[in-house]
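Structure first, then comments.
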Amino acid sequence: MPVYQTSTFIQEAPGVNKGYDYARSNNPTRKVLEDVVAQLESGHSAFAFSTGLAAIDAVLKLLSVGDEIVAVDDIYGGAYRLFTHVYEKLGIKIKYVDTTAVENVANAISSKTKVIWIESPTNPTLKVSDIKKISIIARSVKALLVVDNTFASPIAQQPLALGADIVIHSGTKYIGGHSDLVAGMVVTKTAELSEKIKFIQNASGAVLGPWDCFLTIRGIETLDIRFKKQCENAEKVAAFLLETDAVENVFYPGLRTHKNHEIAKQQQNGLFGGIVSFTLKEDTVAAANEFVTRTRYFKLAESLGGVKSLLCHPPQMTHASVPRERRIEAGIQDSLIRLSCGIENAEDLIDDLKEAFRTCAAAKKSTLV
Ligand SMILES: Cc1ncc(COP(=O)(O)O)c(C=O)c1O
């Protein structure tokens, strides 16, 4: 797809154009990306934004003062910051609940609930919520069900087919896939929602530029093959962590021991994603710091979903904006480490982790002597 690196389009006469007049409103490269993502999610339309948070922000702009959101408690830290520190101030009320238990959602809704917001799997503890059942609850109060599908990607999961109204993606992650851009997508189920999001996209203006649209389209061409390899690597890494002495808990929806394994199996096409989180027996920030600075292939960085493996310590990085008390309540313990498996050789990744555990243990021993 060519990169239409232009802000404006020549018109034959005022208002007479070839479907494009100004690049905030539309751009041919962006249009192709939007159409491809709409197809991947089996949606009516998709809209490309400058970041995942800009996509989330556009959806929140559907709300009015006094409306309520019921949101998953283990929500991405940036979404928590936007909900709580921007939208709550503007008169939107947010109730955070553990959406893996459907009854918590049923108990939290009211006639004021206009949006139920879930991530499935969540960032970073990989909780999986039953999209179909929650969509029925949403319908009972005429609320929209929004699913952040970033972690599953459209390859593993299609929330609109399961009853959701809107899907959002941080396109920065699996969809882009190469850690070389930031992007966001909103996918809508109906023409009516498409019209509203299109209006907000143009009115607020946080669109994705043509070059990044081009890069994202290029990324999508390998999404299927990348994602499947990342899932394969993550399964092997999770199995290794389960056998590791220094590890307390492993969070991976593909593990039979994961508390939402059954629902993940049903709604995720047998693919459980490339992210694995774990806690250490020594559940401290200091112990996590020791570990995350000792790997070679897993680079310490924010973000996930790219072809190269990354690791991070959510309490100090992606989820630093969530108060400790709320973070612990949501299951993000002090030592929680999140791995994003890339497409490298799985044995190399496991050797890398083994070596980091070995050197951590050796360093600890030497300080005790
Ligand atoms: C699940 C999830 N949703 C949304 C976002 C926000 O996306 P972006 O960083 O592209 O703004 C992130 C970022 O990490 C995320 O992990």
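By order in the structure tokens, chains are A, B, ...; within a chain, residues start at 1; ligands start at 1, following the order shown.
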Surrounding residues of Thr172 (chain A) excluding itself and chain neighbours under 6 positions, 6 Å, only C-alpha atoms, as an mmCIF file with C-alpha atoms, in the first residue's frame:
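Full text of part_35.cif as output:
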data_model
loop_
_atom_site.group_PDB
_atom_site.id
_atom_site.type_symbol
_atom_site.label_atom_id
_atom_site.label_comp_id
_atom_site.auth_asym_id
_atom_site.auth_seq_id
_atom_site.Cartn_x
_atom_site.Cartn_y
_atom_site.Cartn_z
ATOM 1 C CA LEU A 181 5.494 2.407 16.257
ATOM 2 C CA VAL A 182 2.670 3.374 18.590
ATOM 3 C CA ALA A 183 -0.902 3.002 17.328
#
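Selecting all polymer residues at most 6 Å from ligand 1, using only C-alpha atoms and all ligand atoms, gives A:Thr51, A:Gly52, A:Leu53, A:Tyr76, A:Asn123, A:Thr150, A:Ser170, A:Thr172, A:Val182, A:Ala183, A:Gly184, A:Ser303.
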Save out the residues we just selected, all heavy atoms, as a CSV table (one decimal), in the first residue's frame.
chain,number,residue,atom,x,y,z
A,51,THR,N,-2.4,6.3,19.3
A,51,THR,CA,-1.9,5.4,20.3
A,51,THR,C,-3.1,4.5,20.7
A,51,THR,O,-4.3,4.9,20.4
A,51,THR,CB,-1.3,6.0,21.5
A,51,THR,OG1,-2.4,6.8,22.2
A,51,THR,CG2,-0.2,7.0,21.2
A,52,GLY,N,-2.8,3.5,21.5
A,52,GLY,CA,-3.9,2.7,22.1
A,52,GLY,C,-4.7,3.5,23.0
A,52,GLY,O,-6.0,3.4,23.1
A,53,LEU,N,-4.0,4.4,23.8
A,53,LEU,CA,-4.8,5.2,24.7
A,53,LEU,C,-5.7,6.2,24.0
A,53,LEU,O,-6.8,6.6,24.5
A,53,LEU,CB,-3.8,5.9,25.7
A,53,LEU,CG,-3.5,5.1,26.9
A,53,LEU,CD1,-2.4,5.7,27.8
A,53,LEU,CD2,-4.7,4.8,27.8
A,76,TYR,N,-5.1,-2.3,32.4
A,76,TYR,CA,-3.8,-1.7,32.0
A,76,TYR,C,-3.6,-0.3,32.8
A,76,TYR,O,-4.6,0.5,32.8
A,76,TYR,CB,-3.7,-1.5,30.5
A,76,TYR,CG,-2.6,-0.5,30.1
A,76,TYR,CD1,-1.3,-0.8,30.4
A,76,TYR,CD2,-2.9,0.6,29.4
A,76,TYR,CE1,-0.3,0.1,30.0
A,76,TYR,CE2,-1.9,1.5,29.0
A,76,TYR,CZ,-0.6,1.2,29.3
A,76,TYR,OH,0.4,2.1,29.0
A,123,ASN,N,-3.7,-7.3,31.4
A,123,ASN,CA,-2.3,-6.9,31.6
A,123,ASN,C,-2.1,-6.5,33.0
A,123,ASN,O,-2.8,-5.6,33.4
A,123,ASN,CB,-2.1,-5.7,30.6
A,123,ASN,CG,-0.7,-5.2,30.6
A,123,ASN,OD1,0.2,-5.7,31.3
A,123,ASN,ND2,-0.5,-4.1,29.9
A,150,THR,N,-6.1,-6.4,23.0
A,150,THR,CA,-4.7,-6.3,22.7
A,150,THR,C,-3.9,-7.6,23.0
A,150,THR,O,-3.1,-8.0,22.2
A,150,THR,CB,-4.1,-5.2,23.6
A,150,THR,OG1,-4.7,-4.0,23.3
A,150,THR,CG2,-2.6,-5.0,23.4
A,170,SER,N,-4.3,-1.8,21.4
A,170,SER,CA,-3.1,-1.1,21.3
A,170,SER,C,-2.4,-1.7,20.1
A,170,SER,O,-1.8,-2.8,20.2
A,170,SER,CB,-2.2,-1.2,22.6
A,170,SER,OG,-1.0,-0.7,22.3
A,172,THR,N,0.2,-0.9,18.9
A,172,THR,CA,1.6,-0.8,19.3
A,172,THR,C,2.1,-2.3,19.5
A,172,THR,O,3.3,-2.5,19.3
A,172,THR,CB,1.8,-0.1,20.6
A,172,THR,OG1,1.0,1.1,20.5
A,172,THR,CG2,3.2,0.3,20.9
A,182,VAL,N,3.8,3.4,17.7
A,182,VAL,CA,2.7,3.4,18.6
A,182,VAL,C,1.4,3.6,17.8
A,182,VAL,O,1.4,4.5,16.9
A,182,VAL,CB,2.8,4.4,19.8
A,182,VAL,CG1,3.8,3.9,20.8
A,182,VAL,CG2,3.1,5.8,19.3
A,183,ALA,N,0.3,2.9,18.1
A,183,ALA,CA,-0.9,3.0,17.3
A,183,ALA,C,-2.0,2.5,18.2
A,183,ALA,O,-1.8,1.7,19.1
A,183,ALA,CB,-0.8,2.2,16.0
A,184,GLY,N,-3.3,2.9,17.8
A,184,GLY,CA,-4.4,2.3,18.5
A,184,GLY,C,-5.5,2.1,17.5
A,184,GLY,O,-5.6,2.7,16.4
A,303,SER,N,6.2,-2.2,27.0
A,303,SER,CA,5.6,-2.7,25.8
A,303,SER,C,5.7,-4.3,25.7
A,303,SER,O,6.3,-4.9,26.5
A,303,SER,CB,6.1,-2.1,24.5
A,303,SER,OG,5.1,-2.2,23.5
I need the alpha helix (DSSP H) residues of region 89-253 of chain A per DSSP on the backbone, written as a PyMOL selection string. chain A and resi 102-108+131-140+153-156+191-204+210-220+223-242
I'd like to know which residues of region 177-365 of chain A are strand (DSSP E or B) (by DSSP, run on the backbone); could you write them as a PyMOL selection string? chain A and resi 184-188+207+247-251+275-280+299-300+310-312+337-340
Write the residues of the selection above to a file with N, CA and C atoms, as a short mmCIF file (atom, residue, chain, number, x, y, z; two decimals), in the first residue's frame.
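File written: again07.cif
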data_model
loop_
_atom_site.label_atom_id
_atom_site.label_comp_id
_atom_site.auth_asym_id
_atom_site.auth_seq_id
_atom_site.Cartn_x
_atom_site.Cartn_y
_atom_site.Cartn_z
N GLY A 184 -3.26 2.85 17.80
CA GLY A 184 -4.44 2.31 18.48
C GLY A 184 -5.54 2.08 17.47
N MET A 185 -6.41 1.13 17.76
CA MET A 185 -7.53 0.82 16.87
C MET A 185 -8.82 0.71 17.68
N VAL A 186 -9.90 1.23 17.10
CA VAL A 186 -11.25 0.98 17.64
C VAL A 186 -12.00 0.24 16.55
N VAL A 187 -12.63 -0.87 16.90
CA VAL A 187 -13.44 -1.61 15.93
C VAL A 187 -14.87 -1.63 16.44
N THR A 188 -15.80 -1.30 15.56
CA THR A 188 -17.21 -1.17 15.96
C THR A 188 -18.05 -2.26 15.31
N VAL A 207 -5.45 11.03 15.06
CA VAL A 207 -5.36 9.99 14.03
C VAL A 207 -3.94 9.45 13.90
N VAL A 247 10.53 -19.59 41.65
CA VAL A 247 9.25 -19.02 41.19
C VAL A 247 8.11 -19.48 42.10
N GLU A 248 7.26 -18.51 42.48
CA GLU A 248 6.13 -18.86 43.34
C GLU A 248 4.89 -19.20 42.48
N ASN A 249 4.48 -18.25 41.64
CA ASN A 249 3.28 -18.45 40.81
C ASN A 249 3.58 -18.13 39.35
N VAL A 250 2.97 -18.92 38.46
CA VAL A 250 3.09 -18.62 37.03
C VAL A 250 1.69 -18.32 36.51
N PHE A 251 1.56 -17.21 35.80
CA PHE A 251 0.27 -16.83 35.23
C PHE A 251 0.34 -16.98 33.71
N ILE A 275 2.34 -13.80 26.30
CA ILE A 275 2.74 -13.16 27.56
C ILE A 275 2.64 -14.16 28.71
N VAL A 276 3.67 -14.18 29.51
CA VAL A 276 3.69 -15.02 30.71
C VAL A 276 4.14 -14.13 31.86
N SER A 277 3.39 -14.16 32.97
CA SER A 277 3.82 -13.40 34.15
C SER A 277 4.13 -14.38 35.27
N PHE A 278 4.99 -13.97 36.18
CA PHE A 278 5.28 -14.84 37.32
C PHE A 278 5.71 -14.01 38.52
N THR A 279 5.54 -14.61 39.70
CA THR A 279 6.04 -13.97 40.92
C THR A 279 7.15 -14.83 41.50
N LEU A 280 7.95 -14.20 42.33
CA LEU A 280 9.10 -14.89 42.94
C LEU A 280 8.75 -15.34 44.35
N LYS A 299 14.83 -8.23 26.80
CA LYS A 299 15.32 -6.88 27.10
C LYS A 299 14.33 -6.20 28.03
N LEU A 300 14.89 -5.45 28.98
CA LEU A 300 14.05 -4.74 29.95
C LEU A 300 13.46 -3.50 29.28
N LEU A 310 10.71 -9.20 25.36
CA LEU A 310 10.90 -8.12 26.34
C LEU A 310 10.47 -8.62 27.71
N LEU A 311 10.99 -8.00 28.75
CA LEU A 311 10.42 -8.25 30.07
C LEU A 311 10.27 -6.93 30.80
N CYS A 312 9.38 -6.93 31.78
CA CYS A 312 9.20 -5.71 32.56
C CYS A 312 8.73 -6.04 33.96
N ILE A 337 6.69 -10.23 37.56
CA ILE A 337 7.49 -9.93 36.36
C ILE A 337 6.70 -10.40 35.14
N ARG A 338 6.67 -9.55 34.10
CA ARG A 338 5.92 -9.91 32.89
C ARG A 338 6.89 -10.16 31.74
N LEU A 339 6.75 -11.31 31.11
CA LEU A 339 7.59 -11.64 29.95
C LEU A 339 6.75 -11.54 28.69
N SER A 340 7.28 -10.89 27.67
CA SER A 340 6.63 -10.91 26.36
C SER A 340 7.53 -11.73 25.45
#
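Minimum distance to Leu242 (chain A) across A:Ile328, A:Ala48, A:Leu336, A:Leu255 (counting only C-alpha atoms) occurs at A:Leu255.
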At a cut-off of 12 Å, using only C-alpha atoms, what residues contact Lys265 (chain A)? Leave out same-chain residues fewer than 2 positions from it and give the result as a PyMOL selection string. chain A and resi 121+128-130+152+156-157+252-256+258-263+267-273
Taking only C-alpha atoms into account, name the residue in A:Lys132, A:His44, A:Lys189, A:His178 that is nearest to Glu221 (chain A).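 Among the listed residues, the smallest separation from Glu221 (chain A) belongs to A:His178.
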Nearest residue to Thr190 (chain A) out of A:Asp165, A:Asp212, A:Glu103, A:Glu282, using only C-alpha atoms? A:Asp165
Spatial neighbours of Lys142 (chain A), max dist 12 Å, only C-alpha atoms, sep filter under 2 positions, as a PDB file with all heavy atoms, in the first residue's frame:
ATOM      1  N   ILE A 109     -23.549  -3.475  38.105  1.00  0.00           N
ATOM      2  CA  ILE A 109     -24.257  -2.640  37.113  1.00  0.00           C
ATOM      3  C   ILE A 109     -25.452  -1.917  37.745  1.00  0.00           C
ATOM      4  O   ILE A 109     -25.985  -2.340  38.763  1.00  0.00           O
ATOM      5  CB  ILE A 109     -24.753  -3.465  35.894  1.00  0.00           C
ATOM      6  CG1 ILE A 109     -25.559  -4.671  36.375  1.00  0.00           C
ATOM      7  CG2 ILE A 109     -23.621  -3.866  34.997  1.00  0.00           C
ATOM      8  CD1 ILE A 109     -26.367  -5.333  35.288  1.00  0.00           C
ATOM      9  N   SER A 110     -25.831  -0.826  37.106  1.00  0.00           N
ATOM     10  CA  SER A 110     -27.044  -0.110  37.512  1.00  0.00           C
ATOM     11  C   SER A 110     -27.625   0.513  36.241  1.00  0.00           C
ATOM     12  O   SER A 110     -27.044   0.375  35.155  1.00  0.00           O
ATOM     13  CB  SER A 110     -26.695   0.993  38.515  1.00  0.00           C
ATOM     14  OG  SER A 110     -26.075   2.065  37.829  1.00  0.00           O
ATOM     15  N   SER A 111     -28.719   1.236  36.408  1.00  0.00           N
ATOM     16  CA  SER A 111     -29.315   1.847  35.211  1.00  0.00           C
ATOM     17  C   SER A 111     -28.392   2.939  34.646  1.00  0.00           C
ATOM     18  O   SER A 111     -28.560   3.375  33.506  1.00  0.00           O
ATOM     19  CB  SER A 111     -30.677   2.438  35.560  1.00  0.00           C
ATOM     20  OG  SER A 111     -30.503   3.370  36.612  1.00  0.00           O
ATOM     21  N   LYS A 112     -27.410   3.360  35.461  1.00  0.00           N
ATOM     22  CA  LYS A 112     -26.480   4.397  34.968  1.00  0.00           C
ATOM     23  C   LYS A 112     -25.287   3.803  34.212  1.00  0.00           C
ATOM     24  O   LYS A 112     -24.489   4.540  33.633  1.00  0.00           O
ATOM     25  CB  LYS A 112     -25.948   5.203  36.158  1.00  0.00           C
ATOM     26  CG  LYS A 112     -27.005   6.084  36.795  1.00  0.00           C
ATOM     27  CD  LYS A 112     -26.357   6.914  37.860  1.00  0.00           C
ATOM     28  CE  LYS A 112     -27.396   7.789  38.534  1.00  0.00           C
ATOM     29  NZ  LYS A 112     -26.908   8.293  39.817  1.00  0.00           N
ATOM     30  N   THR A 113     -25.149   2.472  34.274  1.00  0.00           N
ATOM     31  CA  THR A 113     -23.992   1.847  33.606  1.00  0.00           C
ATOM     32  C   THR A 113     -24.157   1.972  32.093  1.00  0.00           C
ATOM     33  O   THR A 113     -25.120   1.457  31.522  1.00  0.00           O
ATOM     34  CB  THR A 113     -23.874   0.349  33.987  1.00  0.00           C
ATOM     35  OG1 THR A 113     -23.901   0.245  35.406  1.00  0.00           O
ATOM     36  CG2 THR A 113     -22.590  -0.254  33.454  1.00  0.00           C
ATOM     37  N   LYS A 114     -23.209   2.633  31.466  1.00  0.00           N
ATOM     38  CA  LYS A 114     -23.296   2.796  30.011  1.00  0.00           C
ATOM     39  C   LYS A 114     -22.221   1.977  29.297  1.00  0.00           C
ATOM     40  O   LYS A 114     -22.327   1.723  28.096  1.00  0.00           O
ATOM     41  CB  LYS A 114     -23.154   4.287  29.636  1.00  0.00           C
ATOM     42  CG  LYS A 114     -24.340   5.127  30.116  1.00  0.00           C
ATOM     43  CD  LYS A 114     -25.619   4.767  29.354  1.00  0.00           C
ATOM     44  CE  LYS A 114     -26.850   5.500  29.819  1.00  0.00           C
ATOM     45  NZ  LYS A 114     -27.445   5.011  31.044  1.00  0.00           N
ATOM     46  N   VAL A 115     -21.171   1.620  30.052  1.00  0.00           N
ATOM     47  CA  VAL A 115     -20.098   0.836  29.443  1.00  0.00           C
ATOM     48  C   VAL A 115     -19.616  -0.215  30.438  1.00  0.00           C
ATOM     49  O   VAL A 115     -19.437   0.079  31.621  1.00  0.00           O
ATOM     50  CB  VAL A 115     -18.901   1.751  29.040  1.00  0.00           C
ATOM     51  CG1 VAL A 115     -17.628   0.945  28.823  1.00  0.00           C
ATOM     52  CG2 VAL A 115     -19.215   2.544  27.784  1.00  0.00           C
ATOM     53  N   ILE A 116     -19.433  -1.442  29.946  1.00  0.00           N
ATOM     54  CA  ILE A 116     -18.686  -2.446  30.711  1.00  0.00           C
ATOM     55  C   ILE A 116     -17.375  -2.626  29.947  1.00  0.00           C
ATOM     56  O   ILE A 116     -17.383  -2.842  28.728  1.00  0.00           O
ATOM     57  CB  ILE A 116     -19.461  -3.775  30.828  1.00  0.00           C
ATOM     58  CG1 ILE A 116     -20.768  -3.534  31.595  1.00  0.00           C
ATOM     59  CG2 ILE A 116     -18.610  -4.834  31.532  1.00  0.00           C
ATOM     60  CD1 ILE A 116     -21.651  -4.765  31.757  1.00  0.00           C
ATOM     61  N   SER A 135     -21.548 -10.028  27.930  1.00  0.00           N
ATOM     62  CA  SER A 135     -22.304  -9.278  26.911  1.00  0.00           C
ATOM     63  C   SER A 135     -23.808  -9.355  27.199  1.00  0.00           C
ATOM     64  O   SER A 135     -24.549  -8.408  26.929  1.00  0.00           O
ATOM     65  CB  SER A 135     -21.991  -9.786  25.506  1.00  0.00           C
ATOM     66  OG  SER A 135     -22.646 -11.010  25.263  1.00  0.00           O
ATOM     67  N   ILE A 136     -24.244 -10.467  27.761  1.00  0.00           N
ATOM     68  CA  ILE A 136     -25.679 -10.604  28.091  1.00  0.00           C
ATOM     69  C   ILE A 136     -26.032  -9.633  29.230  1.00  0.00           C
ATOM     70  O   ILE A 136     -27.065  -8.957  29.198  1.00  0.00           O
ATOM     71  CB  ILE A 136     -26.008 -12.075  28.463  1.00  0.00           C
ATOM     72  CG1 ILE A 136     -25.817 -12.947  27.209  1.00  0.00           C
ATOM     73  CG2 ILE A 136     -27.429 -12.209  29.023  1.00  0.00           C
ATOM     74  CD1 ILE A 136     -25.785 -14.442  27.472  1.00  0.00           C
ATOM     75  N   ILE A 137     -25.122  -9.522  30.214  1.00  0.00           N
ATOM     76  CA  ILE A 137     -25.354  -8.577  31.318  1.00  0.00           C
ATOM     77  C   ILE A 137     -25.369  -7.141  30.774  1.00  0.00           C
ATOM     78  O   ILE A 137     -26.207  -6.329  31.144  1.00  0.00           O
ATOM     79  CB  ILE A 137     -24.258  -8.737  32.398  1.00  0.00           C
ATOM     80  CG1 ILE A 137     -24.321 -10.144  32.994  1.00  0.00           C
ATOM     81  CG2 ILE A 137     -24.382  -7.672  33.480  1.00  0.00           C
ATOM     82  CD1 ILE A 137     -23.208 -10.465  33.950  1.00  0.00           C
ATOM     83  N   ALA A 138     -24.452  -6.841  29.869  1.00  0.00           N
ATOM     84  CA  ALA A 138     -24.386  -5.484  29.294  1.00  0.00           C
ATOM     85  C   ALA A 138     -25.710  -5.145  28.599  1.00  0.00           C
ATOM     86  O   ALA A 138     -26.272  -4.062  28.787  1.00  0.00           O
ATOM     87  CB  ALA A 138     -23.223  -5.388  28.313  1.00  0.00           C
ATOM     88  N   ARG A 139     -26.194  -6.108  27.844  1.00  0.00           N
ATOM     89  CA  ARG A 139     -27.444  -5.876  27.097  1.00  0.00           C
ATOM     90  C   ARG A 139     -28.618  -5.616  28.036  1.00  0.00           C
ATOM     91  O   ARG A 139     -29.502  -4.835  27.735  1.00  0.00           O
ATOM     92  CB  ARG A 139     -27.737  -7.068  26.182  1.00  0.00           C
ATOM     93  CG  ARG A 139     -27.909  -6.631  24.743  1.00  0.00           C
ATOM     94  CD  ARG A 139     -27.985  -7.805  23.793  1.00  0.00           C
ATOM     95  NE  ARG A 139     -26.714  -8.490  23.669  1.00  0.00           N
ATOM     96  CZ  ARG A 139     -26.557  -9.825  23.611  1.00  0.00           C
ATOM     97  NH1 ARG A 139     -27.594 -10.632  23.685  1.00  0.00           N
ATOM     98  NH2 ARG A 139     -25.373 -10.351  23.474  1.00  0.00           N
ATOM     99  N   SER A 140     -28.591  -6.272  29.206  1.00  0.00           N
ATOM    100  CA  SER A 140     -29.733  -6.145  30.129  1.00  0.00           C
ATOM    101  C   SER A 140     -29.902  -4.710  30.631  1.00  0.00           C
ATOM    102  O   SER A 140     -30.989  -4.327  31.051  1.00  0.00           O
ATOM    103  CB  SER A 140     -29.586  -7.114  31.308  1.00  0.00           C
ATOM    104  OG  SER A 140     -28.581  -6.654  32.189  1.00  0.00           O
ATOM    105  N   LEU A 144     -22.812  -0.652  26.647  1.00  0.00           N
ATOM    106  CA  LEU A 144     -21.935  -1.193  25.614  1.00  0.00           C
ATOM    107  C   LEU A 144     -20.891  -2.071  26.278  1.00  0.00           C
ATOM    108  O   LEU A 144     -20.347  -1.709  27.326  1.00  0.00           O
ATOM    109  CB  LEU A 144     -21.211  -0.056  24.885  1.00  0.00           C
ATOM    110  CG  LEU A 144     -22.064   0.921  24.088  1.00  0.00           C
ATOM    111  CD1 LEU A 144     -21.184   2.081  23.593  1.00  0.00           C
ATOM    112  CD2 LEU A 144     -22.720   0.203  22.898  1.00  0.00           C
ATOM    113  N   LEU A 145     -20.591  -3.215  25.669  1.00  0.00           N
ATOM    114  CA  LEU A 145     -19.467  -4.016  26.151  1.00  0.00           C
ATOM    115  C   LEU A 145     -18.258  -3.701  25.275  1.00  0.00           C
ATOM    116  O   LEU A 145     -18.288  -3.911  24.056  1.00  0.00           O
ATOM    117  CB  LEU A 145     -19.784  -5.521  26.102  1.00  0.00           C
ATOM    118  CG  LEU A 145     -18.586  -6.414  26.463  1.00  0.00           C
ATOM    119  CD1 LEU A 145     -18.073  -6.132  27.880  1.00  0.00           C
ATOM    120  CD2 LEU A 145     -18.940  -7.888  26.320  1.00  0.00           C
ATOM    121  N   ASP A 165     -19.568  -5.023  21.757  1.00  0.00           N
ATOM    122  CA  ASP A 165     -20.008  -3.963  20.839  1.00  0.00           C
ATOM    123  C   ASP A 165     -18.828  -3.239  20.204  1.00  0.00           C
ATOM    124  O   ASP A 165     -18.913  -2.750  19.082  1.00  0.00           O
ATOM    125  CB  ASP A 165     -20.868  -2.944  21.596  1.00  0.00           C
ATOM    126  CG  ASP A 165     -22.084  -3.605  22.197  1.00  0.00           C
ATOM    127  OD1 ASP A 165     -22.999  -3.927  21.426  1.00  0.00           O
ATOM    128  OD2 ASP A 165     -22.102  -3.849  23.417  1.00  0.00           O
TER     129      ASP A 165
END
For Asp73 (chain A), please output as a ChimeraX atom specification all residues within 10 Å (counting only C-alpha atoms; exclusion window: fewer than 6 positions along the same chain). /A:80,95-100,117-119,122,326-327,329-331
To one decimal in Å, tell me the separation between CA of Ile225 (chain A) and CA of Gly209 (chain A).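 Pair CA of Ile225 (chain A) / CA of Gly209 (chain A) returns 25.9 Å.
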Quick one: everything within 12 Å of Gln316 (chain A), counting only C-alpha atoms, minus sequence neighbours fewer than 5 positions away in the same chain. Send it as a VMD selection string. chain A and resid 77 284 to 286 288 to 289 292 300 to 302 321 to 324 327 332 to 338
Atoms to include: N, CA, C and O atoms. Write the selected residues as a tab-separated table (two decimals), in the first residue's frame.
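Output saved as part-v9.tsv:
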chain	number	residue	atom	x	y	z
A	77	GLY	N	-2.45	-0.08	33.33
A	77	GLY	CA	-2.21	1.09	34.18
A	77	GLY	C	-2.54	2.42	33.50
A	77	GLY	O	-3.07	3.34	34.12
A	284	THR	N	9.58	-9.48	46.63
A	284	THR	CA	9.96	-8.09	46.89
A	284	THR	C	10.32	-7.39	45.58
A	284	THR	O	10.71	-8.05	44.60
A	285	VAL	N	10.23	-6.07	45.62
A	285	VAL	CA	10.63	-5.27	44.46
A	285	VAL	C	12.12	-5.46	44.20
A	285	VAL	O	12.57	-5.58	43.06
A	286	ALA	N	12.90	-5.57	45.30
A	286	ALA	CA	14.36	-5.72	45.16
A	286	ALA	C	14.70	-7.02	44.43
A	286	ALA	O	15.55	-7.04	43.52
A	288	ALA	N	12.79	-8.65	42.36
A	288	ALA	CA	12.38	-8.51	40.95
A	288	ALA	C	13.40	-7.68	40.18
A	288	ALA	O	13.78	-8.02	39.06
A	289	ASN	N	13.89	-6.61	40.82
A	289	ASN	CA	14.91	-5.77	40.18
A	289	ASN	C	16.15	-6.56	39.82
A	289	ASN	O	16.73	-6.39	38.75
A	292	VAL	N	15.22	-8.79	36.67
A	292	VAL	CA	14.94	-8.15	35.37
A	292	VAL	C	16.16	-7.45	34.77
A	292	VAL	O	16.13	-7.06	33.60
A	300	LEU	N	14.89	-5.45	28.98
A	300	LEU	CA	14.05	-4.74	29.95
A	300	LEU	C	13.46	-3.50	29.28
A	300	LEU	O	14.18	-2.55	28.96
A	301	ALA	N	12.17	-3.52	29.03
A	301	ALA	CA	11.52	-2.38	28.36
A	301	ALA	C	10.00	-2.47	28.55
A	301	ALA	O	9.45	-3.55	28.74
A	302	GLU	N	9.36	-1.32	28.47
A	302	GLU	CA	7.89	-1.28	28.43
A	302	GLU	C	7.46	-1.91	27.11
A	302	GLU	O	8.25	-2.05	26.20
A	321	SER	N	1.37	3.79	37.85
A	321	SER	CA	0.34	4.79	38.17
A	321	SER	C	-0.81	4.21	39.01
A	321	SER	O	-1.71	4.93	39.42
A	322	VAL	N	-0.78	2.90	39.26
A	322	VAL	CA	-1.83	2.28	40.08
A	322	VAL	C	-1.33	2.24	41.54
A	322	VAL	O	-0.25	1.71	41.81
A	323	PRO	N	-2.11	2.80	42.49
A	323	PRO	CA	-1.65	2.79	43.89
A	323	PRO	C	-1.38	1.36	44.37
A	323	PRO	O	-2.09	0.42	43.97
A	324	ARG	N	-0.36	1.19	45.24
A	324	ARG	CA	0.08	-0.16	45.64
A	324	ARG	C	-1.08	-1.00	46.16
A	324	ARG	O	-1.23	-2.17	45.80
A	327	ARG	N	-3.17	-2.17	43.42
A	327	ARG	CA	-2.37	-3.09	42.61
A	327	ARG	C	-2.34	-4.49	43.27
A	327	ARG	O	-2.57	-5.50	42.61
A	332	ILE	N	-1.41	-7.89	41.47
A	332	ILE	CA	-0.09	-7.53	40.94
A	332	ILE	C	0.87	-7.36	42.12
A	332	ILE	O	1.05	-6.28	42.66
A	333	GLN	N	1.46	-8.49	42.49
A	333	GLN	CA	2.33	-8.49	43.67
A	333	GLN	C	3.63	-7.75	43.38
A	333	GLN	O	3.99	-7.50	42.24
A	334	ASP	N	4.36	-7.47	44.50
A	334	ASP	CA	5.59	-6.67	44.36
A	334	ASP	C	6.62	-7.30	43.43
A	334	ASP	O	7.37	-6.60	42.75
A	335	SER	N	6.67	-8.65	43.40
A	335	SER	CA	7.73	-9.29	42.59
A	335	SER	C	7.23	-9.70	41.21
A	335	SER	O	7.95	-10.38	40.48
A	336	LEU	N	6.02	-9.29	40.84
A	336	LEU	CA	5.46	-9.76	39.56
A	336	LEU	C	6.31	-9.28	38.37
A	336	LEU	O	6.58	-8.09	38.23
A	337	ILE	N	6.69	-10.23	37.56
A	337	ILE	CA	7.49	-9.93	36.36
A	337	ILE	C	6.70	-10.40	35.14
A	337	ILE	O	6.09	-11.47	35.16
A	338	ARG	N	6.67	-9.55	34.10
A	338	ARG	CA	5.92	-9.91	32.89
A	338	ARG	C	6.89	-10.16	31.74
A	338	ARG	O	7.74	-9.32	31.45
Å distance separating CA of Phe240 (chain A) from CA of Ser366 (chain A), one decimal place: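 According to the coordinates, CA of Phe240 (chain A) and CA of Ser366 (chain A) are separated by 25.6 Å.
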Excluding Gly306 (chain A) and any residue of its chain fewer than 4 positions from it, enumerate the residues within 9 Å of it, using only C-alpha atoms, and give them as number ranges by chain. A: 172-180, 226, 310, 340-343
